[in-house]
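Scroll down for the structure; my scribbles are underneath it.
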Amino acid sequence: MSTIIITQGREDGTIYLTGSSWPPTTPSFNTDGVNLDYGPLFQPSTYYIYRCYLRFDCSQLSQWATVISAKLWLKLSTKYNWDNFNVQLLLYKVNGDWYPLDTGDWGCGNTLIATKNFADLPDSLQWFSIDIPPSQINKEGITAFEIRSNHESGAAPTYADHVALYSADKSGSAPYLEINYNPPPGSGQDVPIIAGG
């Protein structure tokens with residue numbers, strides 16, 4: 001078995017909705033900054049809903065390789081639970097590639113493949129992982145994700161009930177995929193491979 005590490009490039013980003021009433025409906029996007037946010041937020045007179053977007057170039061995996069397991073690694077910046085919403089991370093696989101990110105990519109994740117409960121998140125500045133079904137890794141190209149929270153409707157937030165992850169703009173904290181796989185027969189790939197995203 002071999003392992004490949006694929007690091008998120010700096011094209012990762014966030015799409016968010018804003019509005020003076022709940023739920024907000026006006027979209028904006030951001031591909032700069034050290035944080036990727038998901039979940040609801042209220043600041044004086046304005047509501048927000050955040051989703052974040054990741055993509056990894058998995059083309060270095062031969063189409064004949066067999067993916068054994070995969071993990072998405074994320075580093076927590078901060079987490080907020082003001083209204084006890086306990087926002088759950090919902091990881092959606094994108095059917096294709098959202099790049100370049102714009103407001104039209106809101107909702108592009110169409111297959112829910114993993115969840116992570118708020119209570120299971122670590123402390124700030126710590127890494128955590130999410131198991132990815134091996135079948136969801138695109139061995140011939142881009143594997144892309146949309147991260148949402150499970151509180152985008154219902155009771156309006158009174159302050160912050162969201163989570164901030166570090167983006168690839170934070171040195172040493174970029175999200176990455178860790179993939180274990182069996183290489184094609186006769187390939188000679190019997191040592192770990194490190195690949196940049």
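Here's how to read the names in the structure tokens: chain A, B, ... by the order shown, residue numbers from 1 in each chain, ligand numbers from 1 in the order shown.
By only C-alpha atoms, and with residues fewer than 6 positions from range 37-48 of chain A along its chain excluded, the set lying at most 8 Å from it is Thr14, Tyr16, Leu17, Thr18, Gly19, Ser20, Ser21, Trp22, Pro23, Pro24, Val87, Leu89, Ile147, Arg148, Ser149, Asn150, His151, Glu152, Pro157, Thr158, Tyr159, Ala160, Asp161, His162, Val163, Ala164 and Leu165 of chain A.
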Store the residues of this selection in a file with N, CA and C atoms, as a short mmCIF file (atom, residue, chain, number, x, y, z; two decimals), in the first residue's frame.
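After the write, result.cif holds the following:
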```cif
data_model
loop_
_atom_site.label_atom_id
_atom_site.label_comp_id
_atom_site.auth_asym_id
_atom_site.auth_seq_id
_atom_site.Cartn_x
_atom_site.Cartn_y
_atom_site.Cartn_z
N THR A 14 -14.78 30.83 0.05
CA THR A 14 -16.04 30.84 0.78
C THR A 14 -17.09 31.58 -0.03
N TYR A 16 -20.92 33.24 0.73
CA TYR A 16 -21.80 33.56 1.84
C TYR A 16 -22.98 34.39 1.37
N LEU A 17 -24.09 34.19 2.07
CA LEU A 17 -25.31 34.95 1.82
C LEU A 17 -25.46 36.00 2.91
N THR A 18 -25.92 37.21 2.54
CA THR A 18 -26.15 38.26 3.51
C THR A 18 -27.55 38.82 3.32
N GLY A 19 -28.07 39.43 4.39
CA GLY A 19 -29.38 40.06 4.31
C GLY A 19 -29.79 40.64 5.64
N SER A 20 -30.75 41.54 5.61
CA SER A 20 -31.24 42.18 6.83
C SER A 20 -32.32 41.35 7.51
N SER A 21 -32.79 40.27 6.85
CA SER A 21 -33.76 39.36 7.44
C SER A 21 -33.25 37.93 7.30
N TRP A 22 -33.83 37.03 8.08
CA TRP A 22 -33.39 35.64 8.09
C TRP A 22 -34.42 34.76 7.36
N PRO A 23 -33.94 33.85 6.51
CA PRO A 23 -32.56 33.62 6.11
C PRO A 23 -32.11 34.61 5.03
N PRO A 24 -30.83 34.96 5.01
CA PRO A 24 -30.34 35.90 4.00
C PRO A 24 -30.32 35.28 2.61
N VAL A 87 -23.69 23.49 15.22
CA VAL A 87 -23.73 23.29 13.77
C VAL A 87 -22.87 22.10 13.35
N LEU A 89 -20.96 19.83 10.60
CA LEU A 89 -20.31 19.95 9.31
C LEU A 89 -20.91 18.93 8.36
N ILE A 147 -18.56 22.50 1.81
CA ILE A 147 -18.85 22.28 3.23
C ILE A 147 -19.95 23.23 3.66
N ARG A 148 -21.02 22.67 4.22
CA ARG A 148 -22.15 23.44 4.72
C ARG A 148 -22.35 23.12 6.20
N SER A 149 -23.20 23.89 6.86
CA SER A 149 -23.68 23.50 8.18
C SER A 149 -25.11 23.00 8.06
N ASN A 150 -25.61 22.37 9.10
CA ASN A 150 -26.98 21.88 9.08
C ASN A 150 -27.96 22.91 9.65
N HIS A 151 -27.50 24.16 9.81
CA HIS A 151 -28.43 25.19 10.29
C HIS A 151 -28.41 26.37 9.33
N GLU A 152 -29.14 26.20 8.22
CA GLU A 152 -29.29 27.28 7.24
C GLU A 152 -30.73 27.75 7.17
N PRO A 157 -29.99 33.12 14.03
CA PRO A 157 -28.93 33.28 15.02
C PRO A 157 -29.02 34.65 15.69
N THR A 158 -28.57 34.72 16.94
CA THR A 158 -28.50 36.00 17.64
C THR A 158 -27.08 36.54 17.68
N TYR A 159 -26.12 35.67 17.35
CA TYR A 159 -24.72 36.11 17.20
C TYR A 159 -24.01 35.08 16.34
N ALA A 160 -22.99 34.43 16.87
CA ALA A 160 -22.16 33.53 16.06
C ALA A 160 -22.46 32.08 16.39
N ASP A 161 -22.75 31.30 15.37
CA ASP A 161 -22.94 29.86 15.49
C ASP A 161 -22.27 29.19 14.30
N HIS A 162 -21.04 29.52 14.07
CA HIS A 162 -20.35 29.00 12.90
C HIS A 162 -18.94 28.56 13.26
N VAL A 163 -18.27 27.97 12.28
CA VAL A 163 -16.93 27.43 12.47
C VAL A 163 -16.01 28.03 11.41
N ALA A 164 -14.80 28.39 11.83
CA ALA A 164 -13.78 28.89 10.91
C ALA A 164 -12.64 27.88 10.83
N LEU A 165 -12.36 27.42 9.62
CA LEU A 165 -11.24 26.54 9.34
C LEU A 165 -10.14 27.35 8.70
#
```
Task: helix (DSSP H, G or I) call set, DSSP backbone run, chain A, as a PyMOL selection string - done: chain A and resi 103-105+118-120+134-136
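Ranking A:Gln63, A:Asn95, A:Thr115, A:Thr25 by their shortest atom-to-atom distance to Tyr50 in chain A, with only C-alpha atoms included, puts A:Thr25 first.
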Please, which residues in range 136-178 of chain A fall within 6 Å of range 1-10 of chain A when counting only C-alpha atoms, and what is the closest atom pair and distance in Å to one decimal for each, ordered by chain then residue number, as a Markdown table?
```
| residue | atom | partner | partner_atom | distance |
| --- | --- | --- | --- | --- |
| A:Ala168 | CA | A:Arg10 | CA | 5.0 |
| A:Asp169 | CA | A:Arg10 | CA | 5.9 |
| A:Ala174 | CA | A:Gln8 | CA | 5.9 |
| A:Pro175 | CA | A:Gln8 | CA | 5.4 |
| A:Tyr176 | CA | A:Thr7 | CA | 4.2 |
| A:Leu177 | CA | A:Ile6 | CA | 5.1 |
| A:Glu178 | CA | A:Ile5 | CA | 4.8 |
```
- [ ] May I ask which of the residues A:Tyr99, A:Asn86, A:Leu76, A:Gly107 is the closest one to Arg51 in chain A, counting only C-alpha atoms?
- [x] A:Gly107
TODO: Find, counting only C-alpha atoms, the residue in A:Phe85, A:Phe128, A:Tyr181, A:Tyr92 that gets nearest to Arg55 in chain A.
DONE: A:Tyr92
TODO: Considering only C-alpha atoms, return as a ChimeraX atom specification whatever protein or nucleic-acid residues lie within 10 Å of range 133-140 of chain A, sequence-local ones (same chain, fewer than 4 positions apart) excluded.
DONE: /A:56-71,93-96,111,113-114,144,177,179-181
With DSSP run on the backbone, what are the strand (DSSP E) residues within chain A? I'd like them as a short mmCIF file (atom, residue, chain, number, x, y, z; two decimals) with N, CA and C atoms, in the first residue's frame.
```cif
data_model
loop_
_atom_site.label_atom_id
_atom_site.label_comp_id
_atom_site.auth_asym_id
_atom_site.auth_seq_id
_atom_site.Cartn_x
_atom_site.Cartn_y
_atom_site.Cartn_z
N SER A 2 0.48 2.25 -0.73
CA SER A 2 1.18 3.53 -0.81
C SER A 2 0.27 4.64 -0.30
N THR A 3 0.89 5.77 0.03
CA THR A 3 0.15 6.93 0.53
C THR A 3 0.52 8.16 -0.29
N ILE A 4 -0.49 8.93 -0.62
CA ILE A 4 -0.26 10.21 -1.29
C ILE A 4 -0.93 11.31 -0.47
N ILE A 5 -0.22 12.42 -0.30
CA ILE A 5 -0.74 13.60 0.38
C ILE A 5 -0.95 14.68 -0.67
N ILE A 6 -2.19 15.17 -0.80
CA ILE A 6 -2.51 16.20 -1.79
C ILE A 6 -2.97 17.44 -1.05
N THR A 7 -2.21 18.51 -1.18
CA THR A 7 -2.47 19.73 -0.42
C THR A 7 -3.35 20.69 -1.20
N GLY A 13 -12.02 28.73 -1.15
CA GLY A 13 -12.75 29.96 -0.87
C GLY A 13 -14.06 29.73 -0.14
N THR A 14 -14.78 30.83 0.05
CA THR A 14 -16.04 30.84 0.78
C THR A 14 -17.09 31.58 -0.03
N ILE A 15 -18.30 31.06 -0.05
CA ILE A 15 -19.46 31.79 -0.55
C ILE A 15 -20.37 32.04 0.65
N TYR A 16 -20.92 33.24 0.73
CA TYR A 16 -21.80 33.56 1.84
C TYR A 16 -22.98 34.39 1.37
N LEU A 17 -24.09 34.19 2.07
CA LEU A 17 -25.31 34.95 1.82
C LEU A 17 -25.46 36.00 2.91
N THR A 18 -25.92 37.21 2.54
CA THR A 18 -26.15 38.26 3.51
C THR A 18 -27.55 38.82 3.32
N GLY A 19 -28.07 39.43 4.39
CA GLY A 19 -29.38 40.06 4.31
C GLY A 19 -29.79 40.64 5.64
N THR A 26 -28.64 37.29 -0.39
CA THR A 26 -27.74 37.97 -1.33
C THR A 26 -26.36 37.34 -1.29
N PRO A 27 -25.88 36.74 -2.41
CA PRO A 27 -24.61 36.01 -2.37
C PRO A 27 -23.39 36.89 -2.66
N SER A 28 -22.29 36.53 -2.03
CA SER A 28 -20.97 37.08 -2.30
C SER A 28 -19.96 35.95 -2.15
N PHE A 29 -18.74 36.17 -2.63
CA PHE A 29 -17.73 35.12 -2.47
C PHE A 29 -16.37 35.73 -2.18
N ASN A 30 -15.48 34.90 -1.64
CA ASN A 30 -14.14 35.36 -1.26
C ASN A 30 -13.16 34.20 -1.42
N ASN A 35 -9.17 32.23 6.51
CA ASN A 35 -10.25 31.41 7.06
C ASN A 35 -11.22 30.94 5.99
N LEU A 36 -11.74 29.74 6.21
CA LEU A 36 -12.87 29.18 5.47
C LEU A 36 -13.98 28.95 6.50
N ASP A 37 -15.14 29.56 6.28
CA ASP A 37 -16.20 29.53 7.27
C ASP A 37 -17.38 28.69 6.80
N TYR A 38 -18.07 28.08 7.76
CA TYR A 38 -19.38 27.48 7.47
C TYR A 38 -20.30 27.72 8.66
N GLY A 39 -21.60 27.93 8.35
CA GLY A 39 -22.58 28.14 9.39
C GLY A 39 -23.14 29.55 9.42
N PRO A 40 -24.12 29.80 10.30
CA PRO A 40 -24.80 31.09 10.38
C PRO A 40 -24.13 32.06 11.34
N LEU A 41 -24.39 33.34 11.10
CA LEU A 41 -23.81 34.41 11.92
C LEU A 41 -24.73 35.62 11.85
N PHE A 42 -24.83 36.34 12.96
CA PHE A 42 -25.55 37.61 12.97
C PHE A 42 -24.65 38.68 13.56
N GLN A 43 -24.44 39.73 12.80
CA GLN A 43 -23.77 40.92 13.30
C GLN A 43 -24.75 42.07 13.17
N THR A 46 -27.25 42.56 10.22
CA THR A 46 -26.98 41.72 9.05
C THR A 46 -26.83 40.25 9.44
N TYR A 47 -27.54 39.40 8.69
CA TYR A 47 -27.42 37.95 8.85
C TYR A 47 -26.49 37.40 7.76
N TYR A 48 -25.80 36.30 8.10
CA TYR A 48 -24.89 35.64 7.17
C TYR A 48 -25.11 34.13 7.23
N ILE A 49 -24.93 33.47 6.10
CA ILE A 49 -24.76 32.02 6.04
C ILE A 49 -23.53 31.75 5.19
N TYR A 50 -22.60 30.96 5.75
CA TYR A 50 -21.34 30.67 5.07
C TYR A 50 -21.27 29.21 4.62
N ARG A 51 -20.65 29.01 3.46
CA ARG A 51 -20.22 27.69 2.99
C ARG A 51 -18.80 27.81 2.46
N CYS A 52 -18.01 26.75 2.58
CA CYS A 52 -16.64 26.81 2.06
C CYS A 52 -16.40 25.71 1.03
N TYR A 53 -15.36 25.94 0.21
CA TYR A 53 -15.13 25.14 -1.00
C TYR A 53 -13.67 24.75 -1.12
N LEU A 54 -13.46 23.47 -1.41
CA LEU A 54 -12.12 22.89 -1.51
C LEU A 54 -12.02 22.09 -2.81
N ARG A 55 -10.79 21.97 -3.32
CA ARG A 55 -10.58 21.13 -4.51
C ARG A 55 -9.16 20.58 -4.47
N PHE A 56 -9.00 19.35 -4.91
CA PHE A 56 -7.72 18.66 -4.87
C PHE A 56 -7.48 17.96 -6.20
N ASP A 57 -6.28 18.13 -6.74
CA ASP A 57 -5.93 17.49 -8.00
C ASP A 57 -5.42 16.08 -7.70
N THR A 66 -6.08 1.34 -6.84
CA THR A 66 -7.25 1.05 -6.01
C THR A 66 -7.14 1.87 -4.72
N VAL A 67 -8.07 2.80 -4.53
CA VAL A 67 -8.07 3.61 -3.32
C VAL A 67 -8.60 2.76 -2.17
N ILE A 68 -7.80 2.66 -1.11
CA ILE A 68 -8.16 1.85 0.06
C ILE A 68 -8.89 2.70 1.10
N SER A 69 -8.39 3.91 1.33
CA SER A 69 -9.02 4.81 2.30
C SER A 69 -8.60 6.23 1.99
N ALA A 70 -9.38 7.18 2.48
CA ALA A 70 -9.06 8.59 2.25
C ALA A 70 -9.56 9.41 3.44
N LYS A 71 -8.80 10.42 3.80
CA LYS A 71 -9.17 11.35 4.86
C LYS A 71 -8.96 12.77 4.39
N LEU A 72 -9.90 13.64 4.71
CA LEU A 72 -9.74 15.07 4.52
C LEU A 72 -9.30 15.65 5.85
N TRP A 73 -8.14 16.32 5.86
CA TRP A 73 -7.60 16.92 7.07
C TRP A 73 -7.81 18.43 7.04
N LEU A 74 -8.35 18.95 8.14
CA LEU A 74 -8.65 20.37 8.28
C LEU A 74 -8.10 20.87 9.61
N LYS A 75 -7.65 22.12 9.64
CA LYS A 75 -7.16 22.71 10.88
C LYS A 75 -8.16 23.75 11.36
N LEU A 76 -8.59 23.61 12.61
CA LEU A 76 -9.61 24.50 13.16
C LEU A 76 -9.00 25.83 13.57
N SER A 77 -9.60 26.91 13.09
CA SER A 77 -9.21 28.24 13.53
C SER A 77 -9.99 28.61 14.79
N THR A 78 -11.32 28.73 14.67
CA THR A 78 -12.17 29.03 15.81
C THR A 78 -13.53 28.38 15.61
N LYS A 79 -14.28 28.23 16.69
CA LYS A 79 -15.64 27.70 16.61
C LYS A 79 -16.52 28.47 17.59
N LEU A 89 -20.96 19.83 10.60
CA LEU A 89 -20.31 19.95 9.31
C LEU A 89 -20.91 18.93 8.36
N LEU A 90 -21.36 19.40 7.20
CA LEU A 90 -21.89 18.53 6.15
C LEU A 90 -20.95 18.62 4.95
N LEU A 91 -20.31 17.52 4.61
CA LEU A 91 -19.36 17.51 3.51
C LEU A 91 -20.04 16.93 2.27
N TYR A 92 -20.12 17.76 1.24
CA TYR A 92 -20.73 17.37 -0.02
C TYR A 92 -19.67 17.21 -1.10
N LYS A 93 -19.78 16.14 -1.88
CA LYS A 93 -18.92 15.96 -3.05
C LYS A 93 -19.53 16.73 -4.22
N VAL A 94 -18.68 17.48 -4.92
CA VAL A 94 -19.12 18.24 -6.09
C VAL A 94 -19.02 17.35 -7.33
N GLY A 109 -22.36 21.27 -4.46
CA GLY A 109 -22.18 19.96 -3.85
C GLY A 109 -23.49 19.21 -3.84
N ASN A 110 -23.55 18.08 -4.55
CA ASN A 110 -24.82 17.40 -4.72
C ASN A 110 -24.87 16.01 -4.10
N THR A 111 -23.78 15.58 -3.45
CA THR A 111 -23.77 14.27 -2.82
C THR A 111 -23.20 14.39 -1.41
N LEU A 112 -24.03 14.18 -0.40
CA LEU A 112 -23.56 14.23 0.98
C LEU A 112 -22.76 12.96 1.26
N ILE A 113 -21.49 13.12 1.63
CA ILE A 113 -20.63 11.95 1.81
C ILE A 113 -20.09 11.80 3.23
N ALA A 114 -20.19 12.85 4.06
CA ALA A 114 -19.65 12.73 5.42
C ALA A 114 -20.20 13.86 6.29
N THR A 115 -20.20 13.64 7.60
CA THR A 115 -20.61 14.65 8.56
C THR A 115 -19.62 14.68 9.71
N LYS A 116 -19.63 15.78 10.45
CA LYS A 116 -18.80 15.91 11.65
C LYS A 116 -19.57 16.75 12.66
N TRP A 127 -5.70 20.05 14.40
CA TRP A 127 -6.12 19.35 13.20
C TRP A 127 -7.20 18.32 13.52
N PHE A 128 -8.08 18.06 12.57
CA PHE A 128 -9.02 16.94 12.66
C PHE A 128 -9.25 16.39 11.27
N SER A 129 -9.79 15.18 11.20
CA SER A 129 -9.97 14.53 9.90
C SER A 129 -11.40 14.08 9.72
N ILE A 130 -11.78 13.92 8.46
CA ILE A 130 -13.09 13.39 8.07
C ILE A 130 -12.83 12.25 7.09
N ASP A 131 -13.41 11.09 7.34
CA ASP A 131 -13.24 9.97 6.42
C ASP A 131 -14.03 10.20 5.14
N ILE A 132 -13.38 9.97 4.02
CA ILE A 132 -13.99 10.11 2.70
C ILE A 132 -14.19 8.72 2.10
N ILE A 142 -9.90 16.27 -10.68
CA ILE A 142 -10.19 17.06 -9.50
C ILE A 142 -11.25 16.39 -8.62
N THR A 143 -10.97 16.32 -7.33
CA THR A 143 -11.96 15.95 -6.33
C THR A 143 -12.30 17.22 -5.56
N ALA A 144 -13.55 17.67 -5.67
CA ALA A 144 -13.95 18.96 -5.10
C ALA A 144 -15.06 18.77 -4.08
N PHE A 145 -15.09 19.68 -3.10
CA PHE A 145 -16.04 19.59 -2.00
C PHE A 145 -16.70 20.93 -1.71
N GLU A 146 -17.90 20.85 -1.16
CA GLU A 146 -18.60 21.99 -0.58
C GLU A 146 -18.92 21.63 0.87
N ILE A 147 -18.56 22.50 1.81
CA ILE A 147 -18.85 22.28 3.23
C ILE A 147 -19.95 23.23 3.66
N ARG A 148 -21.02 22.67 4.22
CA ARG A 148 -22.15 23.44 4.72
C ARG A 148 -22.35 23.12 6.20
N SER A 149 -23.20 23.89 6.86
CA SER A 149 -23.68 23.50 8.18
C SER A 149 -25.11 23.00 8.06
N VAL A 163 -18.27 27.97 12.28
CA VAL A 163 -16.93 27.43 12.47
C VAL A 163 -16.01 28.03 11.41
N ALA A 164 -14.80 28.39 11.83
CA ALA A 164 -13.78 28.89 10.91
C ALA A 164 -12.64 27.88 10.83
N LEU A 165 -12.36 27.42 9.62
CA LEU A 165 -11.24 26.54 9.34
C LEU A 165 -10.14 27.35 8.70
N TYR A 166 -8.91 26.87 8.77
CA TYR A 166 -7.83 27.56 8.07
C TYR A 166 -7.83 27.20 6.60
N TYR A 176 -5.71 19.24 3.48
CA TYR A 176 -5.09 18.26 2.58
C TYR A 176 -5.85 16.94 2.62
N LEU A 177 -5.69 16.20 1.52
CA LEU A 177 -6.21 14.83 1.42
C LEU A 177 -5.08 13.85 1.68
N GLU A 178 -5.37 12.86 2.49
CA GLU A 178 -4.45 11.74 2.72
C GLU A 178 -5.11 10.50 2.13
N ILE A 179 -4.50 9.94 1.10
CA ILE A 179 -5.11 8.82 0.39
C ILE A 179 -4.18 7.61 0.44
N ASN A 180 -4.71 6.50 0.93
CA ASN A 180 -3.99 5.24 0.89
C ASN A 180 -4.52 4.41 -0.28
N TYR A 181 -3.62 3.84 -1.05
CA TYR A 181 -4.05 3.13 -2.25
C TYR A 181 -3.08 2.01 -2.60
N ASN A 182 -3.56 1.07 -3.36
CA ASN A 182 -2.71 0.03 -3.95
C ASN A 182 -2.36 0.46 -5.36
N ILE A 193 4.39 8.86 -1.56
CA ILE A 193 4.48 9.96 -2.51
C ILE A 193 3.90 11.21 -1.87
N ILE A 194 4.59 12.33 -2.00
CA ILE A 194 4.08 13.61 -1.51
C ILE A 194 3.81 14.47 -2.72
N ALA A 195 2.57 14.92 -2.85
CA ALA A 195 2.19 15.73 -4.02
C ALA A 195 1.60 17.04 -3.57
#
```
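Reported to one decimal place, the separation of CA of Gly33 in chain A from CA of Trp106 in chain A is 18.9 Å.
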- [ ] Counting only C-alpha atoms, figure out which residue out of A:Pro183, A:Asp12, A:Ala119, A:Val34 gets nearest to Leu101 in chain A.
- [x] A:Asp12
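Going from CA of Asn84 in chain A over to CA of Phe118 in chain A, you cover 10.0 Å.
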